[in-house]
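A.B. asks: I'm passing along query-v2.cif; it holds mmCIF, C-alpha atoms.
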data_data
loop_
_atom_site.label_atom_id
_atom_site.label_comp_id
_atom_site.auth_asym_id
_atom_site.auth_seq_id
_atom_site.Cartn_x
_atom_site.Cartn_y
_atom_site.Cartn_z
CA MET A 1 3.37 -0.03 12.28
CA VAL A 2 2.68 -0.65 8.60
CA ALA A 3 -0.56 0.43 6.94
CA PRO A 4 -2.12 -1.96 4.37
CA ALA A 5 -0.43 -1.47 1.02
CA ALA A 6 -3.74 -1.50 -0.81
CA CYS A 7 -5.23 1.41 1.13
CA THR A 8 -4.71 3.80 -1.77
CA LEU A 9 -6.97 5.57 -4.20
CA LYS A 10 -5.58 7.01 -7.41
CA GLY A 11 -5.64 10.77 -7.24
CA CYS A 12 -6.07 11.01 -3.46
CA SER A 13 -3.25 12.23 -1.26
CA VAL A 14 -2.49 13.55 2.18
CA LEU A 15 -0.43 16.65 2.97
CA ARG A 16 1.28 15.99 6.28
CA GLU A 17 1.72 18.77 8.79
CA GLN A 18 2.86 16.48 11.59
CA PRO A 19 5.48 13.74 11.99
CA VAL A 20 4.58 10.30 10.68
CA SER A 21 4.41 8.90 14.19
CA SER A 22 1.40 11.11 14.93
CA LEU A 23 -0.74 9.44 12.27
CA PRO A 24 -3.00 6.77 13.82
CA PHE A 25 -2.81 4.61 10.71
CA GLY A 26 0.95 5.09 10.26
CA SER A 27 2.92 3.71 7.34
CA SER A 28 6.53 2.84 6.73
CA ASN A 29 6.05 4.23 3.22
CA PHE A 30 5.87 7.82 4.50
CA PRO A 31 9.14 9.78 4.10
CA ARG A 32 10.51 11.25 7.31
CA GLY A 33 10.31 14.96 8.02
CA ARG A 34 7.80 17.40 6.59
CA LEU A 35 6.36 17.37 3.08
CA ARG A 36 6.90 20.60 1.17
CA ASP A 37 4.93 20.16 -2.01
CA ARG A 38 2.31 18.10 -3.74
CA ARG A 39 4.82 15.80 -5.41
CA GLU A 40 6.00 14.51 -2.02
CA THR A 41 2.59 13.41 -0.85
CA THR A 42 1.77 9.78 -0.18
CA GLN A 43 -1.48 8.24 -1.31
CA ILE A 44 -3.29 6.56 1.53
CA LEU A 45 -7.05 6.91 1.15
CA PRO A 46 -8.57 3.42 0.83
CA GLN A 47 -10.40 2.10 -2.20
CA PHE A 48 -13.79 1.43 -0.71
CA PRO A 49 -16.11 4.27 0.26
CA LEU A 50 -16.91 3.26 3.84
CA CYS A 51 -13.30 3.96 4.84
CA LEU A 52 -13.34 7.57 3.70
CA PRO A 53 -15.19 9.05 6.69
CA THR A 54 -12.93 7.21 9.12
CA LEU A 55 -9.71 8.51 7.57
CA VAL A 56 -11.11 11.99 7.15
CA ARG A 57 -11.94 12.00 10.86
CA ALA A 58 -8.47 10.69 11.76
CA ALA A 59 -6.85 13.26 9.48
CA HIS A 60 -8.83 16.09 11.03
CA ALA A 61 -7.88 15.00 14.55
CA ASN A 62 -4.19 15.02 13.66
CA ASN A 63 -4.08 18.35 11.79
CA VAL A 64 -3.61 16.66 8.44
CA GLY A 65 -4.79 18.44 5.31
CA VAL A 66 -6.54 16.10 2.87
CA TYR A 67 -7.05 16.97 -0.75
CA LEU A 68 -8.46 15.20 -3.78
CA LYS A 69 -7.18 16.16 -7.21
CA GLY A 70 -9.94 17.92 -9.08
CA ALA A 71 -12.34 17.77 -6.10
CA ALA A 72 -10.75 19.45 -3.11
CA GLY A 73 -13.99 19.76 -1.21
CA VAL A 74 -14.92 16.08 -1.15
CA PRO A 75 -13.34 15.19 2.23
CA SER A 76 -14.96 18.17 3.95
CA ARG A 77 -18.30 17.18 2.47
CA MET A 78 -17.73 13.67 3.84
CA GLN A 79 -17.70 15.06 7.39
CA TRP A 80 -21.45 14.54 7.68
CA LEU A 81 -20.64 10.81 7.80
CA ASN A 82 -18.46 11.37 10.85
CA SER A 83 -20.44 9.14 13.23
CA ALA A 84 -21.09 5.42 13.69
CA ARG A 85 -24.80 5.86 12.95
CA ARG A 86 -24.13 7.68 9.68
CA HIS A 87 -21.53 5.09 8.72
CA PHE A 88 -24.27 2.52 9.23
CA TYR A 89 -26.78 4.38 7.06
CA PHE A 90 -24.18 4.89 4.35
CA GLY A 91 -23.27 1.18 4.43
CA CYS A 92 -26.92 0.14 4.15
CA PHE A 93 -27.45 2.51 1.23
CA SER A 94 -24.35 1.14 -0.54
CA GLU A 95 -25.55 -2.44 -0.20
CA VAL A 96 -29.13 -1.72 -1.30
CA ALA A 97 -27.76 0.18 -4.31
CA LEU A 98 -26.35 -3.15 -5.55
CA LEU A 99 -29.91 -4.29 -6.21
CA GLY A 100 -30.14 -1.54 -8.80
CA VAL A 101 -26.96 -2.83 -10.41
CA ALA A 102 -28.40 -6.34 -10.31
CA ALA A 103 -31.56 -5.13 -12.04
CA ILE A 104 -29.50 -3.59 -14.86
CA VAL A 105 -27.31 -6.68 -15.26
CA GLY A 106 -30.38 -8.91 -15.14
CA PHE A 107 -32.04 -6.84 -17.85
CA ILE A 108 -28.97 -7.22 -20.06
CA PHE A 109 -28.83 -11.00 -19.52
CA ASN A 110 -32.61 -11.44 -19.51
CA TYR A 111 -32.58 -12.64 -15.93
CA ARG A 112 -35.16 -11.65 -13.33
CA MET A 113 -33.46 -10.72 -10.06
CA PHE A 114 -35.32 -13.05 -7.73
CA GLN A 115 -36.26 -15.84 -10.09
CA ASP A 116 -33.99 -18.36 -8.36
CA LEU A 117 -34.90 -17.29 -4.83
CA SER A 118 -37.43 -19.28 -2.85
CA TRP A 119 -38.02 -20.01 0.82
CA LEU A 120 -36.97 -23.57 1.63
CA PRO A 121 -35.96 -24.47 5.20
CA MET A 122 -33.52 -27.07 3.93
CA ASP A 123 -31.58 -24.38 2.06
CA VAL A 124 -31.42 -22.32 5.26
CA PHE A 125 -29.89 -25.37 6.93
CA TRP A 126 -27.33 -25.97 4.17
CA GLY A 127 -26.53 -22.27 3.98
CA THR A 128 -25.86 -22.14 7.71
CA LEU A 129 -23.80 -25.32 7.60
CA ALA A 130 -21.67 -23.93 4.77
CA THR A 131 -20.44 -21.13 7.04
CA LEU A 132 -18.41 -23.59 9.14
CA PRO A 133 -15.44 -24.01 6.74
CA LEU A 134 -15.45 -20.26 6.09
CA LEU A 135 -15.30 -19.48 9.80
CA MET A 136 -12.54 -22.04 10.29
CA SER A 137 -10.56 -20.27 7.57
CA PHE A 138 -11.29 -16.92 9.23
CA GLY A 139 -9.95 -18.24 12.53
CA TRP A 140 -6.75 -19.31 10.75
CA LEU A 141 -6.46 -15.87 9.16
CA LEU A 142 -6.70 -14.12 12.53
CA ASN A 143 -3.89 -16.19 14.05
CA SER A 144 -1.59 -17.22 11.22
CA ARG A 145 1.87 -15.69 10.79
CA VAL A 146 1.81 -16.33 7.04
CA ASN A 147 2.28 -13.09 5.09
CA PHE A 148 -0.93 -13.68 3.15
CA ALA A 149 -2.98 -13.73 6.34
CA ALA A 150 -1.01 -10.93 8.00
CA ALA A 151 -1.65 -8.56 5.08
CA ILE A 152 -5.42 -9.06 5.35
CA ARG A 153 -5.28 -8.86 9.14
CA ARG A 154 -3.54 -5.47 8.98
CA PHE A 155 -6.38 -4.15 6.87
CA PHE A 156 -8.86 -5.44 9.43
CA GLU A 157 -6.99 -3.74 12.26
CA HIS A 158 -6.25 -0.40 10.60
CA ILE A 159 -9.52 0.10 8.74
CA LEU A 160 -12.31 -2.28 9.73
CA ARG A 161 -11.83 -2.07 13.49
CA PRO A 162 -11.98 1.76 13.64
CA LEU A 163 -14.88 1.75 11.19
CA PHE A 164 -17.11 -0.81 12.94
CA ALA A 165 -15.90 -0.48 16.54
CA ASN A 166 -18.90 1.54 17.71
CA TRP A 167 -21.56 -0.39 15.81
CA SER A 168 -24.10 -2.32 17.87
CA LEU A 169 -24.73 -6.03 17.32
CA LEU A 170 -28.05 -5.12 15.74
CA GLU A 171 -26.34 -2.84 13.23
CA LEU A 172 -23.79 -5.55 12.42
CA ALA A 173 -26.64 -8.01 11.90
CA VAL A 174 -28.50 -5.62 9.60
CA ILE A 175 -25.48 -4.77 7.42
CA SER A 176 -24.55 -8.47 7.24
CA THR A 177 -28.07 -9.40 6.15
CA LEU A 178 -28.11 -6.68 3.51
CA ALA A 179 -24.67 -7.73 2.26
CA GLY A 180 -25.77 -11.35 2.00
CA LEU A 181 -28.97 -10.50 0.15
CA CYS A 182 -27.84 -7.72 -2.16
CA GLU A 183 -24.40 -9.06 -3.09
CA GLU A 184 -25.67 -12.58 -3.73
CA VAL A 185 -28.57 -11.34 -5.86
CA LEU A 186 -26.01 -9.46 -7.96
CA PHE A 187 -23.09 -11.89 -8.20
CA ARG A 188 -24.69 -15.32 -7.86
CA GLY A 189 -28.05 -14.30 -9.30
CA ALA A 190 -27.77 -11.71 -12.06
CA ILE A 191 -24.17 -12.40 -13.11
CA GLN A 192 -23.76 -16.15 -12.55
CA GLY A 193 -27.39 -17.05 -13.22
CA GLY A 194 -27.65 -14.74 -16.20
CA LEU A 195 -24.40 -15.92 -17.79
CA THR A 196 -25.19 -19.61 -17.23
CA ARG A 197 -27.74 -19.50 -20.04
CA LEU A 198 -25.24 -17.90 -22.38
CA ILE A 199 -21.90 -19.58 -21.71
CA GLY A 200 -22.65 -22.51 -19.42
CA ALA A 201 -22.38 -23.08 -15.69
CA PRO A 202 -18.59 -23.55 -15.30
CA ALA A 203 -17.65 -20.37 -17.17
CA ALA A 204 -20.41 -18.40 -15.46
CA LEU A 205 -19.20 -19.61 -12.05
CA ALA A 206 -15.63 -18.55 -12.85
CA ILE A 207 -16.62 -15.10 -14.11
CA ALA A 208 -18.96 -14.40 -11.18
CA SER A 209 -16.31 -15.52 -8.67
CA ILE A 210 -13.63 -13.31 -10.22
CA ALA A 211 -16.05 -10.38 -10.40
CA PHE A 212 -16.85 -10.88 -6.71
CA GLY A 213 -13.14 -10.84 -5.87
CA LEU A 214 -12.48 -7.73 -7.94
CA ALA A 215 -15.38 -6.00 -6.21
CA HIS A 216 -13.29 -6.15 -3.01
CA PRO A 217 -10.12 -4.34 -4.18
CA ILE A 218 -8.54 -3.96 -0.76
CA SER A 219 -5.32 -5.77 -1.60
CA LYS A 220 -4.13 -8.60 -3.81
CA GLN A 221 -4.49 -11.00 -0.90
CA TYR A 222 -8.03 -9.82 -0.16
CA ILE A 223 -9.05 -10.13 -3.81
CA ILE A 224 -7.81 -13.73 -3.85
CA ALA A 225 -9.63 -14.55 -0.61
CA ALA A 226 -12.87 -12.95 -1.84
CA THR A 227 -12.60 -14.81 -5.16
CA VAL A 228 -12.28 -18.14 -3.34
CA ILE A 229 -15.26 -17.30 -1.14
CA GLY A 230 -17.22 -16.27 -4.23
CA PHE A 231 -16.37 -19.59 -5.85
CA LEU A 232 -17.62 -21.53 -2.81
CA LEU A 233 -20.83 -19.50 -2.72
CA GLY A 234 -21.29 -20.07 -6.45
CA CYS A 235 -20.83 -23.81 -6.03
CA LEU A 236 -23.42 -23.80 -3.26
CA PHE A 237 -25.83 -22.00 -5.58
CA LEU A 238 -25.21 -24.57 -8.31
CA VAL A 239 -25.77 -27.50 -5.96
CA ARG A 240 -28.89 -26.15 -4.28
CA GLY A 241 -30.35 -24.21 -7.21
CA ASN A 242 -31.68 -21.62 -4.76
CA LEU A 243 -30.16 -18.21 -4.00
CA LEU A 244 -31.36 -18.56 -0.43
CA ALA A 245 -28.49 -20.92 0.43
CA PRO A 246 -25.60 -18.58 -0.51
CA ILE A 247 -27.52 -15.61 0.91
CA VAL A 248 -27.74 -17.32 4.29
CA THR A 249 -24.09 -18.40 4.14
CA HIS A 250 -22.92 -14.91 3.23
CA ALA A 251 -25.03 -13.15 5.87
CA VAL A 252 -24.26 -15.55 8.71
CA TYR A 253 -20.56 -15.59 7.89
CA ASP A 254 -20.31 -11.79 7.75
CA PHE A 255 -22.09 -11.38 11.07
CA CYS A 256 -20.09 -14.09 12.85
CA ALA A 257 -16.78 -12.87 11.42
CA LEU A 258 -17.44 -9.23 12.33
CA THR A 259 -18.61 -10.13 15.83
CA TRP A 260 -15.67 -12.47 16.36
CA PHE A 261 -13.14 -9.90 15.20
CA LEU A 262 -14.63 -6.83 16.88
CA ARG A 263 -15.86 -8.32 20.16
CA LEU A 264 -13.68 -11.36 20.84
CA HIS A 265 -10.37 -10.94 19.01
CA ARG A 266 -7.64 -8.98 20.76
CA SER A 267 -6.40 -6.06 18.69
CA ASP A 268 -3.08 -6.79 17.01
CA PRO A 269 -2.11 -4.11 14.45
CA ARG A 270 1.05 -5.87 13.26
#
Show me the file's structure as structure tokens.
C.D. replies:
Amino acid sequence: MVAPAACTLKGCSVLREQPVSSLPFGSSNFPRGRLRDRRETTQILPQFPLCLPTLVRAAHANNVGVYLKGAAGVPSRMQWLNSARRHFYFGCFSEVALLGVAAIVGFIFNYRMFQDLSWLPMDVFWGTLATLPLLMSFGWLLNSRVNFAAAIRRFFEHILRPLFANWSLLELAVISTLAGLCEEVLFRGAIQGGLTRLIGAPAALAIASIAFGLAHPISKQYIIAATVIGFLLGCLFLVRGNLLAPIVTHAVYDFCALTWFLRLHRSDPR
């Protein structure tokens, strides 16, 4: 079993006290035998915060000592997140916090956060329709043997499935809605909309799409996939002129993809 290569965080390491085979998120990068000092540790903590509680829980269950350079107590303090409900609250807080970032970026670019957001049923329709090609691509990703897809799929299996496995459909719907609203207000609204006035629509679209990809630093493959999705959402915003369309697309896609993967797709950690 190979853990996703991008599940690392600079400065974070794991001191093993058990054989590699005992780790639930095993990795071929771990040396065999026991680790004797800090220099022999392998970095495995993932780059996005929601994964931390999951790996801390897994580490605790397997007698693995986790330390963080300069902040040894962080993992133990993360134990309060050691439940599906607290994961959910933490995820909601993280998404809502993006609105604060959007407000700051909007202030810099002289762009009001919700100035391009209005309720139009036709944009709900187009936003929902735009999820179809994304879901078709997601279906390909779940079944393709191409290395690009397999790398992303391993991340889904090793990190996302343990993280979201115990979430209810209502919780998945809420986090998907918040992700659609808050991330689109930041990336398509404040960044793309704010930059459009300064450097033009094409350049603003490119920058916002790349920023969206870099905001998902799971792996190189995941960054590329997120950048492409960001580009499609940005194009939808340009065509419709209303943030509601990409918000609906983002939220519906996230909910359908999570439900599909967690409830319908057979686990395959390869």
A.B. asks: Restricting the calculation to only C-alpha atoms, which member of A:Phe155, A:Arg161, A:Ala103, A:Asp123 is positioned closest to A:Trp260?
C.D. replies: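 The answer is A:Arg161, which sits nearest to A:Trp260.
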A.B. asks: One decimal, Å: what's the distance from atom CA of A:Ala165 over to atom CA of A:Gly230, could you say?
C.D. replies: 26.1 Å
A.B. asks: Which distance in Å separates atom CA of A:Leu236 and atom CA of A:Pro202, to one decimal?
C.D. replies: 13.0 Å
A.B. asks: Got a sec: who's within 10 Å of A:Arg85, counting only C-alpha atoms, leaving out chain neighbours fewer than 3 positions off, as number ranges by chain?
C.D. replies: A: 81-82, 88-91, 166-168, 171
A.B. asks: Could you spell out the hits of the PyMOL selection byres ((chain A and resi 223-229) around 10) on the shown file, as a list in words?
C.D. replies: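 Taken over the shown coordinates, the PyMOL selection byres ((chain A and resi 223-229) around 10) returns Leu134, Phe148, Ala149, Ile152, Ala206, Ile207, Ala208, Ser209, Ile210, Ala211, Phe212, Gly213, Leu214, Ala215, His216, Pro217, Ile218, Ser219, Lys220, Gln221, Tyr222, Gly230, Phe231, Leu232, Leu233, Gly234, Cys235 and His250 of chain A.
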A.B. asks: What does the distance between atom CA of A:Ile247 and atom CA of A:Arg197 come to in Å, to one decimal place?
C.D. replies: 21.3 Å
A.B. asks: Choose the residue, out of A:Arg86, A:Ser267, A:Phe107, A:Leu181, that has the smallest atom-to-atom separation from A:Arg154; count all atoms listed in the file.
C.D. replies: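 Going through A:Arg86, A:Ser267, A:Phe107, A:Leu181 one by one, the smallest distance to A:Arg154 is for A:Ser267.
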A.B. asks: Let me know the residues the PyMOL selection byres ((chain A and resi 173) around 10) catches in the file above, as an MDAnalysis selection string.
C.D. replies: chainID A and resid 167:172 174:179 251:252 254:256 258:259
A.B. asks: I need the residue nearest A:His87 from this list: A:Leu163, A:Val239, A:Ala257, A:Ala190. Use all atoms listed in the file for the distance.
C.D. replies: A:Leu163
